[in-house]
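See below for final.pdb, which holds PDB, C-alpha atoms.
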ATOM      1  CA  MET A   1      60.045  88.320  56.144
ATOM      2  CA  SER A   2      60.877  87.133  52.628
ATOM      3  CA  ASN A   3      63.354  89.973  52.028
ATOM      4  CA  GLY A   4      65.327  89.402  55.242
ATOM      5  CA  PHE A   5      68.900  88.188  55.302
ATOM      6  CA  GLU A   6      68.241  84.504  56.006
ATOM      7  CA  ASP A   7      65.749  84.140  53.142
ATOM      8  CA  PHE A   8      68.061  86.048  50.798
ATOM      9  CA  PHE A   9      70.998  83.827  51.744
ATOM     10  CA  ARG A  10      68.977  80.633  51.340
ATOM     11  CA  ARG A  11      67.890  81.696  47.846
ATOM     12  CA  LEU A  12      71.449  82.676  46.889
ATOM     13  CA  CYS A  13      72.880  79.336  48.040
ATOM     14  CA  SER A  14      70.227  77.422  46.105
ATOM     15  CA  GLU A  15      71.292  78.963  42.780
ATOM     16  CA  THR A  16      75.059  79.432  43.215
ATOM     17  CA  GLU A  17      78.095  77.647  44.587
ATOM     18  CA  ILE A  18      78.090  79.919  47.633
ATOM     19  CA  LYS A  19      77.423  77.751  50.686
ATOM     20  CA  ASN A  20      78.556  79.815  53.670
ATOM     21  CA  GLN A  21      78.902  83.410  54.779
ATOM     22  CA  SER A  22      82.687  83.439  54.352
ATOM     23  CA  GLN A  23      82.258  82.605  50.662
ATOM     24  CA  LEU A  24      79.666  85.378  50.372
ATOM     25  CA  ALA A  25      82.114  87.865  51.864
ATOM     26  CA  ARG A  26      84.791  86.839  49.345
ATOM     27  CA  GLU A  27      82.381  87.168  46.414
ATOM     28  CA  LEU A  28      81.426  90.677  47.557
ATOM     29  CA  ASN A  29      85.014  91.613  48.423
ATOM     30  CA  VAL A  30      83.936  92.703  51.903
ATOM     31  CA  GLY A  31      85.015  91.673  55.380
ATOM     32  CA  ARG A  32      83.315  88.815  57.211
ATOM     33  CA  ALA A  33      82.152  91.385  59.764
ATOM     34  CA  ALA A  34      80.091  93.175  57.092
ATOM     35  CA  VAL A  35      78.157  89.981  56.395
ATOM     36  CA  SER A  36      77.632  89.386  60.116
ATOM     37  CA  LEU A  37      76.310  92.935  60.496
ATOM     38  CA  ALA A  38      73.866  92.475  57.600
ATOM     39  CA  LYS A  39      72.635  89.271  59.237
ATOM     40  CA  LYS A  40      72.241  90.999  62.585
ATOM     41  CA  LYS A  41      70.256  93.858  61.007
ATOM     42  CA  ASN A  42      68.275  91.320  58.947
ATOM     43  CA  ALA A  43      68.785  93.517  55.871
ATOM     44  CA  VAL A  44      70.742  93.130  52.648
ATOM     45  CA  PRO A  45      72.470  96.196  51.114
ATOM     46  CA  ALA A  46      71.086  97.083  47.690
ATOM     47  CA  ARG A  47      74.565  97.065  46.162
ATOM     48  CA  TRP A  48      75.012  93.427  47.200
ATOM     49  CA  LEU A  49      71.741  92.498  45.494
ATOM     50  CA  LEU A  50      72.719  94.259  42.272
ATOM     51  CA  ASP A  51      76.278  92.887  42.209
ATOM     52  CA  LEU A  52      75.246  89.301  42.958
ATOM     53  CA  SER A  53      72.378  89.382  40.463
ATOM     54  CA  ALA A  54      74.698  90.582  37.703
ATOM     55  CA  ARG A  55      77.482  88.140  38.609
ATOM     56  CA  PHE A  56      75.314  85.023  38.721
ATOM     57  CA  GLY A  57      72.628  85.978  36.210
ATOM     58  CA  LEU A  58      69.855  86.068  38.803
ATOM     59  CA  ASN A  59      66.571  87.938  38.885
ATOM     60  CA  PRO A  60      67.198  90.716  41.480
ATOM     61  CA  LEU A  61      63.550  90.829  42.565
ATOM     62  CA  TRP A  62      63.625  87.070  43.208
ATOM     63  CA  LEU A  63      66.916  87.348  45.097
ATOM     64  CA  GLU A  64      65.606  90.157  47.305
ATOM     65  CA  GLN A  65      61.982  89.136  47.830
ATOM     66  CA  GLY A  66      61.540  85.650  46.380
ATOM     67  CA  LYS A  67      59.128  86.912  43.705
ATOM     68  CA  GLY A  68      59.150  85.401  40.217
ATOM     69  CA  LEU A  69      61.657  82.808  39.038
ATOM     70  CA  PRO A  70      65.386  82.757  39.894
ATOM     71  CA  ARG A  71      66.715  83.378  36.404
ATOM     72  CA  PRO A  72      65.311  85.567  33.608
ATOM     73  CA  GLU A  73      65.871  82.898  30.963
ATOM     74  CA  ALA A  74      63.914  80.339  33.005
ATOM     75  CA  ALA A  75      61.034  82.743  33.420
ATOM     76  CA  ALA A  76      61.028  83.517  29.707
ATOM     77  CA  ALA A  77      60.875  79.801  28.864
ATOM     78  CA  ALA A  78      57.990  79.346  31.289
ATOM     79  CA  SER A  79      55.940  82.125  29.719
ATOM     80  CA  ASP A  80      53.573  80.721  27.077
ATOM     81  CA  ASN A  81      50.971  83.478  27.123
ATOM     82  CA  GLY A  82      52.298  86.617  25.472
ATOM     83  CA  PRO A  83      55.485  88.582  26.119
ATOM     84  CA  TYR A  84      57.551  88.061  29.252
ATOM     85  CA  TYR A  85      58.430  91.055  31.417
ATOM     86  CA  GLU A  86      61.478  91.516  33.627
ATOM     87  CA  GLN A  87      61.905  93.762  36.653
ATOM     88  CA  ILE A  88      64.602  96.449  36.702
ATOM     89  CA  PRO A  89      65.454  98.052  40.071
ATOM     90  CA  LYS A  90      65.154 101.800  40.590
ATOM     91  CA  VAL A  91      67.598 103.122  43.175
ATOM     92  CA  ARG A  92      67.127 106.150  45.381
ATOM     93  CA  ALA A  93      70.329 107.782  44.124
ATOM     94  CA  ARG A  94      69.724 110.598  41.650
ATOM     95  CA  LEU A  95      71.868 111.679  38.711
ATOM     96  CA  CYS A  96      72.973 115.296  38.678
ATOM     97  CA  ALA A  97      72.442 117.168  35.403
ATOM     98  CA  GLY A  98      73.835 120.482  36.535
ATOM     99  CA  GLY A  99      76.053 121.839  39.265
ATOM    100  CA  GLY A 100      74.059 120.852  42.337
ATOM    101  CA  SER A 101      74.350 117.995  44.750
ATOM    102  CA  PHE A 102      72.366 114.761  44.598
ATOM    103  CA  GLU A 103      71.337 111.837  46.770
ATOM    104  CA  THR A 104      73.807 108.939  46.751
ATOM    105  CA  ASP A 105      71.678 106.370  48.561
ATOM    106  CA  GLY A 106      71.862 103.073  46.663
ATOM    107  CA  GLN A 107      68.732 101.655  48.295
ATOM    108  CA  VAL A 108      66.302 100.038  45.879
ATOM    109  CA  GLU A 109      63.038 102.032  45.870
ATOM    110  CA  GLY A 110      61.113  99.657  43.681
ATOM    111  CA  TYR A 111      61.053  97.784  40.391
ATOM    112  CA  TYR A 112      59.767  98.658  36.918
ATOM    113  CA  SER A 113      58.677  96.113  34.322
ATOM    114  CA  PHE A 114      60.152  96.019  30.814
ATOM    115  CA  ARG A 115      59.569  93.552  28.026
ATOM    116  CA  SER A 116      62.280  90.917  28.200
ATOM    117  CA  GLU A 117      62.808  90.875  24.439
ATOM    118  CA  TRP A 118      63.345  94.645  24.419
ATOM    119  CA  LEU A 119      65.832  94.522  27.302
ATOM    120  CA  HIS A 120      67.882  91.639  25.908
ATOM    121  CA  GLY A 121      68.118  93.453  22.592
ATOM    122  CA  ARG A 122      70.069  96.149  24.425
ATOM    123  CA  GLY A 123      72.177  94.119  26.845
ATOM    124  CA  ASN A 124      72.006  91.937  29.937
ATOM    125  CA  PRO A 125      69.117  93.093  32.186
ATOM    126  CA  THR A 126      70.971  91.988  35.325
ATOM    127  CA  ASN A 127      73.449  94.840  34.690
ATOM    128  CA  MET A 128      70.751  97.509  34.386
ATOM    129  CA  VAL A 129      69.437 100.001  36.906
ATOM    130  CA  LEU A 130      67.057 102.979  36.840
ATOM    131  CA  MET A 131      67.883 106.409  38.262
ATOM    132  CA  GLU A 132      66.119 109.774  38.376
ATOM    133  CA  VAL A 133      67.711 112.934  36.932
ATOM    134  CA  VAL A 134      67.897 116.309  38.688
ATOM    135  CA  GLY A 135      69.051 119.496  36.970
ATOM    136  CA  ASN A 136      68.727 120.889  33.442
ATOM    137  CA  SER A 137      72.193 120.589  31.921
ATOM    138  CA  MET A 138      71.122 117.860  29.477
ATOM    139  CA  GLU A 139      67.992 119.611  28.214
ATOM    140  CA  PRO A 140      66.269 119.229  25.853
ATOM    141  CA  GLU A 141      67.406 115.568  25.447
ATOM    142  CA  ILE A 142      67.010 114.701  29.140
ATOM    143  CA  ARG A 143      64.984 116.913  31.484
ATOM    144  CA  GLU A 144      64.830 117.240  35.234
ATOM    145  CA  GLY A 145      62.611 114.513  36.679
ATOM    146  CA  ASP A 146      63.247 112.078  33.831
ATOM    147  CA  MET A 147      64.100 108.493  34.722
ATOM    148  CA  VAL A 148      66.947 106.874  32.808
ATOM    149  CA  LEU A 149      67.920 103.240  32.255
ATOM    150  CA  ILE A 150      71.654 102.623  32.717
ATOM    151  CA  ASP A 151      73.656  99.588  31.590
ATOM    152  CA  GLN A 152      76.442  99.339  34.171
ATOM    153  CA  SER A 153      78.395  96.858  32.023
ATOM    154  CA  ARG A 154      78.914  99.439  29.272
ATOM    155  CA  SER A 155      81.610 101.619  30.774
ATOM    156  CA  ASP A 156      83.830 101.827  27.678
ATOM    157  CA  VAL A 157      83.308 105.312  26.288
ATOM    158  CA  LEU A 158      81.985 105.758  22.766
ATOM    159  CA  SER A 159      82.356 109.454  21.976
ATOM    160  CA  GLY A 160      79.043 111.275  21.998
ATOM    161  CA  GLY A 161      77.246 108.642  24.069
ATOM    162  CA  ILE A 162      75.372 109.636  27.213
ATOM    163  CA  TYR A 163      76.786 108.121  30.396
ATOM    164  CA  ALA A 164      76.372 108.195  34.146
ATOM    165  CA  VAL A 165      79.752 109.386  35.403
ATOM    166  CA  GLY A 166      80.968 109.601  38.975
ATOM    167  CA  VAL A 167      83.293 112.500  39.764
ATOM    168  CA  GLU A 168      84.393 112.394  43.400
ATOM    169  CA  ASP A 169      81.124 112.581  45.406
ATOM    170  CA  THR A 170      78.835 113.498  42.514
ATOM    171  CA  VAL A 171      77.272 111.288  39.858
ATOM    172  CA  MET A 172      76.397 113.168  36.689
ATOM    173  CA  VAL A 173      74.711 112.369  33.410
ATOM    174  CA  LYS A 174      76.687 113.790  30.471
ATOM    175  CA  ARG A 175      77.776 113.188  26.929
ATOM    176  CA  VAL A 176      81.307 111.844  27.209
ATOM    177  CA  GLU A 177      84.258 112.189  24.874
ATOM    178  CA  ARG A 178      87.637 110.578  25.481
ATOM    179  CA  LEU A 179      90.669 112.470  24.171
ATOM    180  CA  PRO A 180      94.369 111.609  24.695
ATOM    181  CA  GLY A 181      94.900 112.027  28.436
ATOM    182  CA  THR A 182      91.574 113.846  28.866
ATOM    183  CA  LEU A 183      87.948 113.010  29.515
ATOM    184  CA  VAL A 184      85.446 115.631  28.368
ATOM    185  CA  LEU A 185      81.959 115.798  29.898
ATOM    186  CA  ARG A 186      79.596 117.789  27.688
ATOM    187  CA  SER A 187      76.101 119.109  28.356
ATOM    188  CA  ASP A 188      73.362 119.478  25.754
ATOM    189  CA  ASN A 189      72.275 122.733  27.394
ATOM    190  CA  VAL A 190      74.504 125.453  25.902
ATOM    191  CA  ASP A 191      74.430 127.381  29.201
ATOM    192  CA  TYR A 192      76.823 124.783  30.650
ATOM    193  CA  SER A 193      80.502 124.691  29.680
ATOM    194  CA  PRO A 194      82.258 121.372  28.987
ATOM    195  CA  ILE A 195      84.149 119.810  31.890
ATOM    196  CA  HIS A 196      87.701 118.743  31.000
ATOM    197  CA  LEU A 197      89.307 116.201  33.328
ATOM    198  CA  SER A 198      92.937 115.206  33.028
ATOM    199  CA  GLY A 199      95.988 114.198  35.038
ATOM    200  CA  ASP A 200      95.297 113.416  38.686
ATOM    201  CA  GLU A 201      91.632 114.384  38.211
ATOM    202  CA  LEU A 202      91.063 111.170  36.258
ATOM    203  CA  GLU A 203      91.798 109.123  39.391
ATOM    204  CA  ASN A 204      88.522 110.376  40.880
ATOM    205  CA  VAL A 205      86.418 109.596  37.798
ATOM    206  CA  ARG A 206      84.465 106.418  37.139
ATOM    207  CA  VAL A 207      82.187 105.728  34.194
ATOM    208  CA  ILE A 208      79.234 103.975  35.821
ATOM    209  CA  GLY A 209      77.405 102.988  32.663
ATOM    210  CA  ARG A 210      75.745 104.099  29.453
ATOM    211  CA  VAL A 211      72.257 105.576  29.346
ATOM    212  CA  LEU A 212      70.064 103.370  27.146
ATOM    213  CA  TRP A 213      66.621 104.921  27.553
ATOM    214  CA  SER A 214      64.736 107.665  29.345
ATOM    215  CA  SER A 215      61.121 108.231  30.359
ATOM    216  CA  ARG A 216      59.290 111.432  31.154
ATOM    217  CA  GLU A 217      56.282 112.112  33.329
ATOM    218  CA  TYR A 218      54.272 115.164  32.340
ATOM    219  CA  ARG A 219      52.852 117.204  35.182
TER     220      ARG A 219
END

Translate this structure into C-alpha cells?
Amino acid sequence: MSNGFEDFFRRLCSETEIKNQSQLARELNVGRAAVSLAKKKNAVPARWLLDLSARFGLNPLWLEQGKGLPRPEAAAAASDNGPYYEQIPKVRARLCAGGGSFETDGQVEGYYSFRSEWLHGRGNPTNMVLMEVVGNSMEPEIREGDMVLIDQSRSDVLSGGIYAVGVEDTVMVKRVERLPGTLVLRSDNVDYSPIHLSGDELENVRVIGRVLWSSREYR
C-alpha cells in the first residue's frame, strides 16, 4: 500500500539526505529498534510524519500517501489554473477547554484543504495541525466541537494569545500570559478561574503552539 513503511521511506530518501534506517532513527531521535518495529508493522507513526514534514519542508500528505507533489512550493509553481490548496493534517487528539480529560492519540484522521496563499501569510504550513476542542471554558470565542488550526512553531508566548498548552497528561486551549516565574492560563468563560503555574509545576508545561484559526459546524 502507498502509505506503508517501505513506500514512505522511499519517498523520504528521494527528497532528503536520509539514505538508511539508522539515519532516520537519528533524525527522529529514536532508537533503531523503533524504526525496525515500524517497518515490521508496515505503519509510520503520525508524529514521525509531522516532524519530518516540518523539518524538511515536505508535503505531509505526499510523504504519507504519495499524493500531490513533494514540496508545497513546487506544487504552487505547478498550479497555473487558479489558487493552489495545501493539505493540513487533523489529528485524533482533542484539546480540552475545561476540566475534563481528552484523547491524546496523535494519529492523523484526515486532511483539510486550505488556500496556500492564506496559509503562508500566517506561517509555514508544514508546522500546522488541526485539532478538535472539547469543553466550554473558552466560550464564546471557541466552543465545544470547534476545530482549531495550530502553528506548532509559534511556542513563544505573546500575552493574550490563544495557545494549545500541555500540562502533564492534558492538552488545553487557553489564553496564556507569562509573568515573572509564572505562567497564567486564562479562560474566556468567566465560570473558570485562571490557572497559575510556577516553580516545579513549570517543568510539566509545554506550549505546543498558537491557535491561528477556528471553524464551527452548526448542528

Picked residues, the PyMOL selection byres ((chain A and resi 51-68) around 9), expected as a PyMOL selection string | chain A and resi 1-5+7-9+11-12+15-16+27-28+44+46-50+69-72+75+86-89+111+124-128

Go through the shown structure with the PyMOL selection byres ((chain A and resi 209) around 10) and write out the matching residues as a PyMOL selection string.
-> chain A and resi 127-129+149-157+162-166+173+206-208+210-212

Go ahead and write the residues just picked, C-alpha atoms, as a compact mmCIF listing (two decimals), in the frame of the given file.
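What follows is the written file out09.txt:
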# COMPACT_ATOMS: atom_id res chain seq x y z
CA ASN A 127 73.45 94.84 34.69
CA MET A 128 70.75 97.51 34.39
CA VAL A 129 69.44 100.00 36.91
CA LEU A 149 67.92 103.24 32.26
CA ILE A 150 71.65 102.62 32.72
CA ASP A 151 73.66 99.59 31.59
CA GLN A 152 76.44 99.34 34.17
CA SER A 153 78.40 96.86 32.02
CA ARG A 154 78.91 99.44 29.27
CA SER A 155 81.61 101.62 30.77
CA ASP A 156 83.83 101.83 27.68
CA VAL A 157 83.31 105.31 26.29
CA ILE A 162 75.37 109.64 27.21
CA TYR A 163 76.79 108.12 30.40
CA ALA A 164 76.37 108.20 34.15
CA VAL A 165 79.75 109.39 35.40
CA GLY A 166 80.97 109.60 38.98
CA VAL A 173 74.71 112.37 33.41
CA ARG A 206 84.46 106.42 37.14
CA VAL A 207 82.19 105.73 34.19
CA ILE A 208 79.23 103.98 35.82
CA ARG A 210 75.74 104.10 29.45
CA VAL A 211 72.26 105.58 29.35
CA LEU A 212 70.06 103.37 27.15

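If all atoms listed in the file are the atoms counted, then among A:Asp169, A:Glu6, A:Asp146, A:Glu217 the closest residue to Met131 of chain A is A:Asp146.
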
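Residues within 8 Å of Arg32 of chain A, counting all atoms listed in the file and excluding same-chain residues fewer than 5 positions away, are A:Gln21, A:Ser22, A:Ala25.
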
Hey, what's within 8 Å of Leu197 of chain A if we count all atoms listed in the file and toss same-chain stuff fewer than 2 positions away? As an NGL selection string, please?
-> :A and (182-184 or 195 or 199 or 201-202)

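Atom CA of His120 of chain A lies 26.7 Å from atom CA of Met138 of chain A.
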
Out of A:Met172, A:Ala43, A:Cys13, A:Leu158, which residue has the shortest atom-to-atom distance to Arg94 of chain A when counting only C-alpha atoms?
-> A:Met172

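Minimum atom-to-atom distances from A:Glu139, A:Glu203, A:Glu17, A:Ser113 to Asp191 of chain A were compared using all atoms listed in the file, and the lowest value belongs to A:Glu139.
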
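As for atom CA of Glu117 of chain A and atom CA of Lys90 of chain A, they are spaced 19.6 Å apart.
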
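Compared by their closest atoms to Asp200 of chain A, and using all atoms listed in the file, the residues A:Gly31, A:Glu168, A:Leu119, A:Ser215 rank with A:Glu168 nearest.
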
Residue nearest Gly181 of chain A among A:Tyr84, A:Lys19, A:Arg143, A:Ser198 (counting all atoms listed in the file) | A:Ser198

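Here atom CA of Gln107 of chain A and atom CA of Leu95 of chain A stand 14.2 Å from one another.
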
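Residues in contact with Asn189 of chain A at 9 Å, where all atoms listed in the file are counted and same-chain residues fewer than 2 positions away are skipped, are listed as Asn136, Ser137, Met138, Glu139, Pro140, Glu141, Arg186, Ser187, Asp191, Tyr192 and Ser193 of chain A.
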
Val134 of chain A surroundings by all atoms listed in the file, 6 Å radius, close-in-sequence under 6 positions cut, as a list in words = Cys96, Ala97, Glu144 and Gly145 of chain A

Box time for segment 86-98 of chain A: axis-aligned, enclosing all its listed atoms, 6 Å extra on each side; report centre and edge lengths in Å to one decimal, as lines of an AutoDock Vina configuration file.
center_x = 67.7
center_y = 106.0
center_z = 39.5
size_x = 24.4
size_y = 41.0
size_z = 23.8

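Ranking A:Asn20, A:Arg10, A:Phe114, A:Val133 by their shortest atom-to-atom distance to Val91 of chain A, with all atoms listed in the file included, puts A:Val133 first.
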